[in-house]
Every structure is written in structure tokens, then in C-alpha cells.
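Shown next: my_file.txt, containing compact mmCIF, C-alpha atoms.
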# COMPACT_ATOMS: atom_id res chain seq x y z
CA MET A 1 103.64 82.93 97.97
CA ARG A 2 105.95 85.73 96.85
CA LEU A 3 104.15 88.49 95.00
CA VAL A 4 106.07 91.06 92.99
CA THR A 5 105.54 94.17 90.96
CA PHE A 6 107.73 94.13 87.89
CA SER A 7 108.20 95.91 84.59
CA ASP A 8 109.58 95.15 81.16
CA SER A 9 109.00 96.44 77.64
CA ARG A 10 105.27 95.71 78.08
CA GLY A 11 104.97 97.97 81.13
CA ARG A 12 104.33 97.43 84.81
CA ARG A 13 102.29 94.54 86.21
CA ILE A 14 102.24 92.00 89.02
CA GLY A 15 103.45 88.44 89.23
CA ARG A 16 104.26 85.48 91.43
CA LEU A 17 107.94 84.88 92.05
CA GLU A 18 109.03 81.25 91.82
CA GLY A 19 112.76 80.82 92.07
CA GLU A 20 114.35 82.59 89.13
CA GLN A 21 111.07 82.95 87.25
CA VAL A 22 108.08 85.28 87.47
CA VAL A 23 104.59 84.01 86.65
CA ASP A 24 103.02 86.94 84.80
CA LEU A 25 99.58 87.25 86.41
CA ALA A 26 98.38 89.56 83.65
CA ASP A 27 98.68 86.53 81.39
CA ALA A 28 97.88 83.77 83.88
CA ALA A 29 94.85 85.43 85.48
CA PRO A 30 93.78 88.45 83.40
CA GLU A 31 90.66 88.92 85.51
CA LEU A 32 92.77 89.95 88.52
CA PRO A 33 93.71 93.57 89.29
CA ARG A 34 96.94 94.76 87.71
CA ASP A 35 98.43 96.31 90.86
CA LEU A 36 99.26 94.62 94.13
CA ALA A 37 97.36 96.94 96.49
CA ALA A 38 94.19 96.37 94.48
CA LEU A 39 94.82 92.62 94.52
CA LEU A 40 95.08 92.67 98.31
CA ALA A 41 91.89 94.72 98.56
CA ALA A 42 90.09 92.17 96.37
CA GLY A 43 90.37 89.66 99.20
CA PRO A 44 91.14 85.98 99.81
CA LEU A 45 89.54 84.62 96.65
CA ALA A 46 91.67 86.86 94.47
CA LEU A 47 94.80 85.92 96.41
CA GLY A 48 93.91 82.26 96.07
CA ARG A 49 93.63 82.70 92.33
CA ALA A 50 96.99 84.49 92.25
CA SER A 51 98.60 81.61 94.13
CA SER A 52 97.41 78.92 91.72
CA ALA A 53 97.22 80.61 88.31
CA ASP A 54 99.80 79.53 85.77
CA GLY A 55 100.76 81.03 82.45
CA ALA A 56 103.63 82.90 80.89
CA ARG A 57 106.82 82.59 82.91
CA LEU A 58 109.47 85.25 82.55
CA ALA A 59 113.10 84.97 83.56
CA LEU A 60 113.72 87.09 86.64
CA ALA A 61 116.87 88.39 84.96
CA ASP A 62 114.77 89.80 82.11
CA VAL A 63 112.48 91.99 84.22
CA ARG A 64 112.95 94.88 86.65
CA LEU A 65 111.58 94.31 90.11
CA GLU A 66 109.88 97.42 91.45
CA ALA A 67 108.66 98.21 94.96
CA PRO A 68 105.89 95.65 95.60
CA ILE A 69 103.53 98.57 96.30
CA PRO A 70 104.89 101.33 94.04
CA ARG A 71 103.04 104.10 95.90
CA PRO A 72 101.82 102.97 99.34
CA GLY A 73 98.95 104.97 100.73
CA LYS A 74 100.91 105.27 103.98
CA ILE A 75 104.50 104.55 104.87
CA LEU A 76 104.69 104.33 108.66
CA ALA A 77 107.86 103.64 110.57
CA VAL A 78 109.06 103.23 114.14
CA GLY A 79 111.96 104.84 115.95
CA LEU A 80 114.02 103.28 118.74
CA ASN A 81 112.40 99.86 118.50
CA TYR A 82 115.52 97.83 119.36
CA ARG A 83 117.16 98.18 122.75
CA ASP A 84 120.68 98.22 121.29
CA HIS A 85 119.79 101.03 118.88
CA ALA A 86 118.27 103.10 121.68
CA ALA A 87 121.46 102.53 123.67
CA GLU A 88 123.80 103.57 120.84
CA THR A 89 121.84 106.81 120.40
CA GLY A 90 121.83 107.52 124.15
CA ARG A 91 118.03 107.58 124.31
CA GLU A 92 115.68 106.14 126.91
CA LEU A 93 113.57 103.14 125.93
CA PRO A 94 110.19 104.40 124.70
CA ALA A 95 107.08 103.63 126.74
CA VAL A 96 104.94 103.68 123.59
CA PRO A 97 105.94 103.25 119.94
CA VAL A 98 107.71 106.25 118.39
CA ILE A 99 105.80 106.60 115.12
CA PHE A 100 106.75 108.72 112.14
CA ASN A 101 105.84 108.70 108.48
CA LYS A 102 107.87 108.65 105.31
CA GLN A 103 106.14 110.29 102.38
CA SER A 104 104.83 107.85 99.78
CA THR A 105 107.11 109.43 97.16
CA ALA A 106 110.09 107.98 99.06
CA ALA A 107 109.11 104.47 97.87
CA ASN A 108 111.84 102.89 95.78
CA GLY A 109 112.55 99.57 94.12
CA PRO A 110 114.51 96.82 95.87
CA PHE A 111 117.50 97.20 93.52
CA ASP A 112 117.18 100.82 92.45
CA ALA A 113 119.59 103.63 93.23
CA ILE A 114 119.45 105.72 96.40
CA HIS A 115 120.10 109.44 95.91
CA LEU A 116 122.70 111.26 97.94
CA PRO A 117 120.82 114.56 98.32
CA ARG A 118 122.36 117.70 96.92
CA VAL A 119 121.61 119.39 100.29
CA SER A 120 123.33 116.93 102.65
CA ASN A 121 126.18 114.46 103.08
CA ALA A 122 124.74 112.90 106.26
CA LEU A 123 123.17 109.90 104.54
CA ASP A 124 122.47 106.83 106.68
CA TYR A 125 121.02 103.34 106.27
CA GLU A 126 118.60 101.44 108.50
CA GLY A 127 117.86 97.81 107.63
CA GLU A 128 114.38 96.84 108.84
CA LEU A 129 111.64 94.24 108.67
CA GLY A 130 108.49 95.66 107.11
CA PHE A 131 104.98 94.43 106.57
CA VAL A 132 102.14 95.36 104.25
CA ILE A 133 98.53 95.67 105.39
CA GLY A 134 96.07 93.45 103.56
CA ARG A 135 92.65 94.77 104.54
CA HIS A 136 90.84 97.85 105.83
CA CYS A 137 90.99 97.67 109.62
CA ARG A 138 90.60 99.80 112.73
CA HIS A 139 90.84 99.07 116.48
CA VAL A 140 92.63 95.78 115.88
CA PRO A 141 93.48 93.92 119.10
CA HIS A 142 96.95 92.43 119.46
CA ALA A 143 95.55 88.90 119.39
CA ARG A 144 94.05 89.42 115.92
CA ALA A 145 96.67 91.67 114.37
CA ALA A 146 98.26 88.84 112.36
CA GLU A 147 95.01 88.59 110.39
CA VAL A 148 95.53 91.99 108.72
CA ILE A 149 99.13 91.42 107.56
CA ALA A 150 99.26 90.54 103.87
CA GLY A 151 102.97 89.87 103.84
CA TRP A 152 106.51 90.77 104.84
CA VAL A 153 109.17 92.81 103.06
CA VAL A 154 112.75 93.99 103.54
CA VAL A 155 113.05 97.77 104.04
CA ASN A 156 115.91 100.24 104.13
CA ASP A 157 114.71 103.27 106.10
CA VAL A 158 117.25 105.61 104.50
CA THR A 159 117.71 108.75 106.58
CA VAL A 160 119.23 112.20 106.07
CA ARG A 161 120.47 112.75 109.61
CA ASP A 162 121.04 116.50 109.66
CA TRP A 163 117.57 117.13 108.23
CA GLN A 164 116.14 114.70 110.77
CA ALA A 165 117.87 116.48 113.66
CA ARG A 166 116.83 120.01 112.74
CA SER A 167 113.09 119.37 113.17
CA LEU A 168 110.83 118.30 116.02
CA THR A 169 109.42 115.62 113.74
CA MET A 170 111.35 113.15 111.61
CA THR A 171 109.31 113.56 108.43
CA MET A 172 111.76 115.73 106.48
CA GLY A 173 114.85 113.67 107.27
CA LYS A 174 113.06 110.43 106.47
CA SER A 175 111.16 111.34 103.31
CA PHE A 176 113.62 112.28 100.59
CA ASP A 177 112.81 110.74 97.22
CA THR A 178 114.27 107.20 96.76
CA HIS A 179 114.79 106.81 100.52
CA CYS A 180 112.47 103.88 101.10
CA PRO A 181 113.63 100.96 98.98
CA PHE A 182 111.71 97.80 99.85
CA GLY A 183 110.86 94.35 98.56
CA PRO A 184 112.04 92.35 96.76
CA ALA A 185 108.66 90.60 97.05
CA LEU A 186 105.69 90.63 99.36
CA VAL A 187 106.13 87.30 101.14
CA THR A 188 102.90 85.90 102.56
CA PRO A 189 102.84 84.97 106.26
CA ASP A 190 102.57 81.23 105.61
CA GLU A 191 106.03 81.29 104.00
CA VAL A 192 107.70 83.33 106.73
CA GLY A 193 106.26 81.63 109.79
CA ASP A 194 107.09 83.27 113.11
CA PRO A 195 108.27 86.82 112.32
CA LEU A 196 109.78 87.21 115.80
CA GLY A 197 112.97 85.24 115.30
CA LEU A 198 114.29 86.30 111.91
CA SER A 199 117.92 87.26 111.44
CA LEU A 200 118.50 90.70 109.91
CA ARG A 201 121.82 91.87 108.48
CA THR A 202 122.89 95.07 106.74
CA PHE A 203 126.10 95.35 104.73
CA VAL A 204 127.82 98.37 103.20
CA ASN A 205 130.23 97.41 100.42
CA GLY A 206 130.29 93.89 101.84
CA GLU A 207 131.12 95.03 105.39
CA LEU A 208 128.63 93.84 108.01
CA ARG A 209 127.22 96.90 109.79
CA GLN A 210 124.03 95.58 111.42
CA SER A 211 123.27 92.10 112.75
CA ALA A 212 120.14 91.50 114.79
CA SER A 213 117.13 89.29 115.37
CA THR A 214 113.55 90.45 115.17
CA LYS A 215 112.97 88.73 118.53
CA ASP A 216 114.65 91.79 120.03
CA LEU A 217 111.97 94.24 118.85
CA ILE A 218 110.60 96.26 121.76
CA PHE A 219 107.16 96.55 120.13
CA ASP A 220 106.40 93.60 117.91
CA PRO A 221 104.48 94.01 114.63
CA PHE A 222 101.19 93.02 116.26
CA ALA A 223 101.60 95.64 118.99
CA LEU A 224 102.32 98.21 116.29
CA ILE A 225 99.11 97.34 114.45
CA GLU A 226 97.12 97.59 117.68
CA HIS A 227 98.68 100.98 118.42
CA LEU A 228 98.35 102.48 114.93
CA SER A 229 94.82 101.27 114.31
CA THR A 230 93.64 102.90 117.52
CA ALA A 231 94.04 106.26 115.80
CA PHE A 232 93.33 105.65 112.12
CA THR A 233 92.23 103.13 109.57
CA LEU A 234 94.91 100.97 108.02
CA GLU A 235 94.32 100.14 104.37
CA PRO A 236 95.44 97.52 101.84
CA GLY A 237 98.91 98.39 100.60
CA ASP A 238 99.97 100.47 103.61
CA LEU A 239 103.61 99.78 104.53
CA VAL A 240 104.83 99.62 108.12
CA SER A 241 108.57 99.41 108.84
CA THR A 242 109.32 98.07 112.31
CA GLY A 243 112.53 99.87 113.27
CA THR A 244 116.26 99.33 113.05
CA ALA A 245 118.91 97.75 115.25
CA ALA A 246 122.33 99.02 116.34
CA GLY A 247 125.03 99.68 113.81
CA VAL A 248 123.83 102.78 111.96
CA ALA A 249 126.39 105.19 110.55
CA ALA A 250 125.29 108.04 112.82
CA ALA A 251 126.39 106.13 115.95
CA MET A 252 129.95 105.56 114.72
CA LYS A 253 132.76 107.84 115.80
CA PRO A 254 133.22 109.54 113.45
CA PRO A 255 130.00 108.82 111.55
CA ARG A 256 130.55 106.72 108.45
CA TRP A 257 128.01 108.32 106.15
CA LEU A 258 127.10 106.72 102.87
CA VAL A 259 128.88 108.18 99.86
CA VAL A 260 128.41 107.94 96.12
CA GLY A 261 129.29 104.44 94.95
CA ASP A 262 128.45 102.67 98.22
CA VAL A 263 126.25 99.58 97.94
CA VAL A 264 123.86 98.83 100.81
CA ARG A 265 122.54 95.28 101.13
CA VAL A 266 119.83 94.31 103.62
CA GLU A 267 119.06 90.63 104.19
CA ILE A 268 116.23 89.18 106.28
CA GLU A 269 115.91 85.45 106.80
CA GLY A 270 112.96 84.01 104.91
CA VAL A 271 111.99 87.37 103.42
CA GLY A 272 114.75 88.20 100.98
CA VAL A 273 117.44 90.66 100.01
CA ILE A 274 117.44 94.22 98.72
CA GLU A 275 120.55 95.96 97.44
CA ASN A 276 120.87 99.60 96.46
CA ARG A 277 123.75 101.70 95.16
CA VAL A 278 124.18 105.31 96.26
CA ILE A 279 124.37 107.84 93.42
CA ALA A 280 124.49 111.62 93.38
CA GLU A 281 121.05 113.15 93.14
CA PRO A 282 120.56 113.73 89.41
CA PRO A 283 120.16 117.31 88.20
CA ASP A 284 116.83 116.50 86.54
CA THR A 285 115.07 116.01 89.90
CA ALA A 286 114.23 119.73 89.92
CA ARG A 287 110.70 120.18 88.58
CA ILE A 288 108.81 123.46 88.59
Would you give me this structure, written as C-alpha cells?
Amino acid sequence: MRLVTFSDSRGRRIGRLEGEQVVDLADAAPELPRDLAALLAAGPLALGRASSADGARLALADVRLEAPIPRPGKILAVGLNYRDHAAETGRELPAVPVIFNKQSTAANGPFDAIHLPRVSNALDYEGELGFVIGRHCRHVPHARAAEVIAGWVVVNDVTVRDWQARSLTMTMGKSFDTHCPFGPALVTPDEVGDPLGLSLRTFVNGELRQSASTKDLIFDPFALIEHLSTAFTLEPGDLVSTGTAAGVAAAMKPPRWLVVGDVVRVEIEGVGVIENRVIAEPPDTARI
């Protein structure tokens, strides 16, 4: 099943993506929650209903796909989780996962614009496999970690490199508004199968920049869940992005930063495609 959050003239709601159509769950199953995190929290019976309900079908071209979880409770990400990326940055392989957070306000739709910040030109892309947590959980052993994954998504961990480098933590450089586009749908595990053999590719203006396989992750998604849940409770709708492979702009000589007009496309086998255009940060982002 491929679950989406979408909007049209009637507002935002959730649906089931089937090819080029969206089954509007607000029409097909009005008893279900109207946001995806709440649907996940409602449990297996609600998800079963979402998978079978039928009703109004909307053309995908007539709706706007939003981030599957428009405001995740947590956005957690991993640094240096591919050997080739660690090598291109000149860093040692980590002994434990390098965890950082992106603020929830960074969440962005799978086809929405990425802002080039007014305070930096060092804008980079990082195509990644992400997953969404489906239940409250803590102290999850590796062997049972698959049970708490609601589904898989494509993520671009957009990064402002100079702001990342000037701090001991990565939060500022990773958390600018619009800098976590993900989606296009939450794809349930039964559709994806083994997540540790998926091809991942990132393109900028059609040029292949990253090409990897998730089998090369240093810490697989299940190890990440075991590690994270040792410290804190994971909740329905939390997003975890598993790290990027070699080929980022920062490692090129000279760096090939993203500029206004660039289009970044991230593809993951069996999960989908997101594509985002870089625009100048609009003047109306200032709010006091």
C-alpha cells in the first residue's frame, strides 16, 4: 500500500495511491483519522480499512502531494552511514551511529521548492532512504525492529554546509525551512520487501551525482531503531533518514553547490521519486 497526504480545493487529507489515481480516504472511509500519523497510531485495523476502502478516485495530476507526514514529531538522521561517503569526507568510520536531528519545520513536500537561504550559497543535496515509525516503542531489539516500521520514503537531507561546519552539532546546517523534502508516499514494508538491496540515485539537472545500494549502509535501519529507542520513545509519524552515499556537492573540487533553478531528483527502487527545484528564499519568510 502507498499512503499519501494530498491537498486540493477541498483542503488537506490522506489517500491511497494506486497508479495515477488517489483513493480519497475521507470519502472512502470517513471514520478513519484525517492525517497519516493519526492513522498509523490507530493501529492495524485502521490500516487494514485504509488498504481496502474504495470510493472517490482523484487523478494524481489534479492534486498536490504533500509530505506524507506534514509535521513529523521527530526528524532523525544519520551521518557517515555509507563507507564511500565517509571516505570522500576524509572521516573515520563511526563505531556507533552519528545521530542528528532536523527540526520538524524543515519537512517539505516531495515536489515542492527548496529554498536557497539568503544567508548562504553552500547548499547541498543528500539522497537517502527514510522510514516512518508506526507505533510507540522503546528498547526495541534489532530482531524485532522491522515490526515498528510503518513504511519507507525517499528523503533529500538538504544541507547548508557552512552553517553545518560552524557548529559542534549539525542541527543548524540541517534544519533550514524546506530542507527535508520526502515522500512521495509512505510505502508499506510488504511492497518494498528487503530494504537492504535497493538502488538509490540522485540527479541534479539530469546529471547523475549519487549511485548506491542500501546494502552498503554501515548501520542498517533495524540497528538504527535499536540504537535510537535505547534513549527515547519513538512515536507514530517519526521520520528517520538513514544517511547518504558518496557524490555530495561538498566533496567535489571545487564544490558544486546547488543554485537557483537547479532540479534535484532522488530515486529509490521500489519506493519512488521526489524532485525539487531550488528557488531563492522568498522575502516573505521573515515573520516577527
Which residues, written as a PDB file with C-alpha atoms, in the frame of the given file, have at least one atom at most 6 Å from Arg2 of chain A, with all atoms listed in the file counted and residues fewer than 6 positions away on the same chain left out?
ATOM      1  CA  ARG A  16     104.260  85.480  91.430  1.00  0.00           C
ATOM      2  CA  LEU A  17     107.940  84.880  92.050  1.00  0.00           C
ATOM      3  CA  ALA A 185     108.660  90.600  97.050  1.00  0.00           C
ATOM      4  CA  LEU A 186     105.690  90.630  99.360  1.00  0.00           C
ATOM      5  CA  VAL A 187     106.130  87.300 101.140  1.00  0.00           C
TER       6      VAL A 187
END
Near-Leu116 of chain A list (12 Å; only C-alpha atoms; drop same-chain fewer than 4 positions) as JSON, numbers by chain: {"A": [120, 121, 122, 123, 124, 125, 158, 159, 160, 161, 176, 177, 178, 179, 257, 258, 259, 260, 261, 262, 276, 277, 278, 279, 280, 281, 282, 283]}
Include C-alpha atoms and write out the residues we just selected as a PDB file, in the frame of the given file.
ATOM      1  CA  SER A 120     123.330 116.930 102.650  1.00  0.00           C
ATOM      2  CA  ASN A 121     126.180 114.460 103.080  1.00  0.00           C
ATOM      3  CA  ALA A 122     124.740 112.900 106.260  1.00  0.00           C
ATOM      4  CA  LEU A 123     123.170 109.900 104.540  1.00  0.00           C
ATOM      5  CA  ASP A 124     122.470 106.830 106.680  1.00  0.00           C
ATOM      6  CA  TYR A 125     121.020 103.340 106.270  1.00  0.00           C
ATOM      7  CA  VAL A 158     117.250 105.610 104.500  1.00  0.00           C
ATOM      8  CA  THR A 159     117.710 108.750 106.580  1.00  0.00           C
ATOM      9  CA  VAL A 160     119.230 112.200 106.070  1.00  0.00           C
ATOM     10  CA  ARG A 161     120.470 112.750 109.610  1.00  0.00           C
ATOM     11  CA  PHE A 176     113.620 112.280 100.590  1.00  0.00           C
ATOM     12  CA  ASP A 177     112.810 110.740  97.220  1.00  0.00           C
ATOM     13  CA  THR A 178     114.270 107.200  96.760  1.00  0.00           C
ATOM     14  CA  HIS A 179     114.790 106.810 100.520  1.00  0.00           C
ATOM     15  CA  TRP A 257     128.010 108.320 106.150  1.00  0.00           C
ATOM     16  CA  LEU A 258     127.100 106.720 102.870  1.00  0.00           C
ATOM     17  CA  VAL A 259     128.880 108.180  99.860  1.00  0.00           C
ATOM     18  CA  VAL A 260     128.410 107.940  96.120  1.00  0.00           C
ATOM     19  CA  GLY A 261     129.290 104.440  94.950  1.00  0.00           C
ATOM     20  CA  ASP A 262     128.450 102.670  98.220  1.00  0.00           C
ATOM     21  CA  ASN A 276     120.870  99.600  96.460  1.00  0.00           C
ATOM     22  CA  ARG A 277     123.750 101.700  95.160  1.00  0.00           C
ATOM     23  CA  VAL A 278     124.180 105.310  96.260  1.00  0.00           C
ATOM     24  CA  ILE A 279     124.370 107.840  93.420  1.00  0.00           C
ATOM     25  CA  ALA A 280     124.490 111.620  93.380  1.00  0.00           C
ATOM     26  CA  GLU A 281     121.050 113.150  93.140  1.00  0.00           C
ATOM     27  CA  PRO A 282     120.560 113.730  89.410  1.00  0.00           C
ATOM     28  CA  PRO A 283     120.160 117.310  88.200  1.00  0.00           C
TER      29      PRO A 283
END
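Across A:Pro44, A:Pro110, A:Pro141, A:Gly79, the tightest approach to Ala223 of chain A is made by A:Pro141 when counting all atoms listed in the file.
Counting from atom CA of Gly270 of chain A, the distance to atom CA of Gly237 of chain A is 20.6 Å.
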Once you count all atoms listed in the file, what closest atom pair and distance in Å to one decimal does each residue of segment 29-103 of chain A within 12 Å of segment 126-135 of chain A have, with rows by chain and rising residue number, as CSV?
residue,atom,partner,partner_atom,distance
A:Leu36,CA,A:Gly134,CA,10.0
A:Ala37,CA,A:Gly134,CA,8.0
A:Ala38,CA,A:Gly134,CA,9.7
A:Leu39,CA,A:Gly134,CA,9.2
A:Leu40,CA,A:Gly134,CA,5.4
A:Ala41,CA,A:Arg135,CA,6.0
A:Ala42,CA,A:Arg135,CA,8.9
A:Gly43,CA,A:Arg135,CA,7.7
A:Pro44,CA,A:Gly134,CA,9.7
A:Leu47,CA,A:Gly134,CA,10.5
A:Ala67,CA,A:Val132,CA,11.7
A:Pro68,CA,A:Val132,CA,9.4
A:Ile69,CA,A:Val132,CA,8.7
A:Pro72,CA,A:Val132,CA,9.1
A:Gly73,CA,A:Ile133,CA,10.4
A:Lys74,CA,A:Val132,CA,10.0
A:Ile75,CA,A:Val132,CA,9.5
A:Leu76,CA,A:Gly130,CA,9.6
A:Ala77,CA,A:Gly130,CA,8.7
A:Val78,CA,A:Glu128,CA,9.9
A:Gly79,CA,A:Glu126,CA,10.5
A:Leu80,CA,A:Glu126,CA,11.4
A:Asn81,CA,A:Glu128,CA,10.3
A:Tyr82,CA,A:Glu128,CA,10.6
A:His85,CA,A:Glu126,CA,10.5
Among the residues A:His142, A:Glu275, A:Ser241, A:Val96, the one that comes closest to Ser229 of chain A [using all atoms listed in the file]: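 Using all atoms listed in the file, the shortest distance to Ser229 of chain A belongs to A:His142.
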Top pick for closest residue to Phe222 of chain A, considering A:Val4, A:Ala29, A:Val266, A:Val148 and counting only C-alpha atoms: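 Residue with the minimum atom-to-atom distance to Phe222 of chain A: A:Val148.
Distance annotation: of A:Lys174, A:Arg12, A:His115, A:Arg144, the residue with the minimal separation from Pro70 of chain A is A:Arg12; atom set is only C-alpha atoms.
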Who sits within 9 Å of Thr188 of chain A, all atoms listed in the file, same chain under 6 positions skipped, as an MDAnalysis selection string: chainID A and resid 1:3 149:152
Selected residue, from A:Pro94, A:Gly19, A:Gly48, A:Gly247, that lies nearest to Val204 of chain A when counting all atoms listed in the file: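 Residue with the minimum atom-to-atom distance to Val204 of chain A: A:Gly247.
Excluding Ala28 of chain A itself and any same-chain residue fewer than 4 positions from it, the protein and nucleic acid residues within 9 Å of it, counting all atoms listed in the file, are Val23, Asp24, Ala50, Ala53, Asp54, Gly55 and Ala56 of chain A.
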Interatomic distance (Å, one decimal) between atom CA of Ser51 of chain A and atom CA of Thr242 of chain A: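 Taking atom CA of Ser51 of chain A and atom CA of Thr242 of chain A, their separation equals 26.8 Å.
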For Phe100 of chain A, the nearest of the candidates A:Ala249, A:Ile14, A:Ala212, A:Leu168, counting all atoms listed in the file: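 Of A:Ala249, A:Ile14, A:Ala212, A:Leu168, the one nearest Phe100 of chain A is A:Leu168, counting all atoms listed in the file.
Between atom CA of Gly183 of chain A and atom CA of Arg10 of chain A there is a distance of 21.3 Å.
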Give me the residues within 8 Å of Leu65 of chain A as an mmCIF file with C-alpha atoms, in the coordinates of the input, counting only C-alpha atoms and dropping any in the same chain fewer than 4 places off.
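Writing the result to part-v1.cif gives the following:
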data_model
loop_
_atom_site.group_PDB
_atom_site.id
_atom_site.type_symbol
_atom_site.label_atom_id
_atom_site.label_comp_id
_atom_site.auth_asym_id
_atom_site.auth_seq_id
_atom_site.Cartn_x
_atom_site.Cartn_y
_atom_site.Cartn_z
ATOM 1 C CA VAL A 4 106.070 91.060 92.990
ATOM 2 C CA THR A 5 105.540 94.170 90.960
ATOM 3 C CA PHE A 6 107.730 94.130 87.890
ATOM 4 C CA SER A 7 108.200 95.910 84.590
ATOM 5 C CA GLY A 109 112.550 99.570 94.120
ATOM 6 C CA PRO A 110 114.510 96.820 95.870
ATOM 7 C CA PHE A 111 117.500 97.200 93.520
ATOM 8 C CA PRO A 184 112.040 92.350 96.760
#
When you write segment 128-140 of chain A out from the block above, keep N, CA and C atoms and present the result as a JSON list (two decimals), in the first residue's frame, please.
[["chain", "number", "residue", "atom", "x", "y", "z"],
["A", 128, "GLU", "N", 18.54, 9.97, 0.27],
["A", 128, "GLU", "CA", 18.57, 8.97, 1.33],
["A", 128, "GLU", "C", 17.28, 8.15, 1.36],
["A", 129, "LEU", "N", 17.41, 6.93, 1.86],
["A", 129, "LEU", "CA", 16.25, 6.11, 2.21],
["A", 129, "LEU", "C", 15.79, 6.49, 3.60],
["A", 130, "GLY", "N", 14.48, 6.74, 3.74],
["A", 130, "GLY", "CA", 13.93, 7.04, 5.05],
["A", 130, "GLY", "C", 12.84, 6.06, 5.42],
["A", 131, "PHE", "N", 12.53, 6.02, 6.70],
["A", 131, "PHE", "CA", 11.39, 5.23, 7.15],
["A", 131, "PHE", "C", 10.61, 5.99, 8.20],
["A", 132, "VAL", "N", 9.34, 5.62, 8.32],
["A", 132, "VAL", "CA", 8.43, 6.25, 9.27],
["A", 132, "VAL", "C", 8.04, 5.23, 10.32],
["A", 133, "ILE", "N", 8.08, 5.65, 11.58],
["A", 133, "ILE", "CA", 7.72, 4.78, 12.69],
["A", 133, "ILE", "C", 6.19, 4.64, 12.76],
["A", 134, "GLY", "N", 5.73, 3.42, 13.07],
["A", 134, "GLY", "CA", 4.31, 3.16, 13.06],
["A", 134, "GLY", "C", 3.67, 2.94, 14.42],
["A", 135, "ARG", "N", 4.47, 2.84, 15.47],
["A", 135, "ARG", "CA", 3.88, 2.63, 16.80],
["A", 135, "ARG", "C", 4.80, 3.19, 17.88],
["A", 136, "HIS", "N", 4.23, 3.46, 19.05],
["A", 136, "HIS", "CA", 5.06, 3.86, 20.18],
["A", 136, "HIS", "C", 5.96, 2.68, 20.56],
["A", 137, "CYS", "N", 7.24, 2.94, 20.73],
["A", 137, "CYS", "CA", 8.15, 1.83, 21.05],
["A", 137, "CYS", "C", 9.38, 2.35, 21.77],
["A", 138, "ARG", "N", 9.96, 1.51, 22.58],
["A", 138, "ARG", "CA", 11.19, 1.83, 23.33],
["A", 138, "ARG", "C", 11.92, 0.52, 23.57],
["A", 139, "HIS", "N", 13.25, 0.58, 23.60],
["A", 139, "HIS", "CA", 14.11, -0.59, 23.82],
["A", 139, "HIS", "C", 13.74, -1.72, 22.86],
["A", 140, "VAL", "N", 13.77, -1.38, 21.58],
["A", 140, "VAL", "CA", 13.41, -2.35, 20.53],
["A", 140, "VAL", "C", 14.66, -3.13, 20.13]]
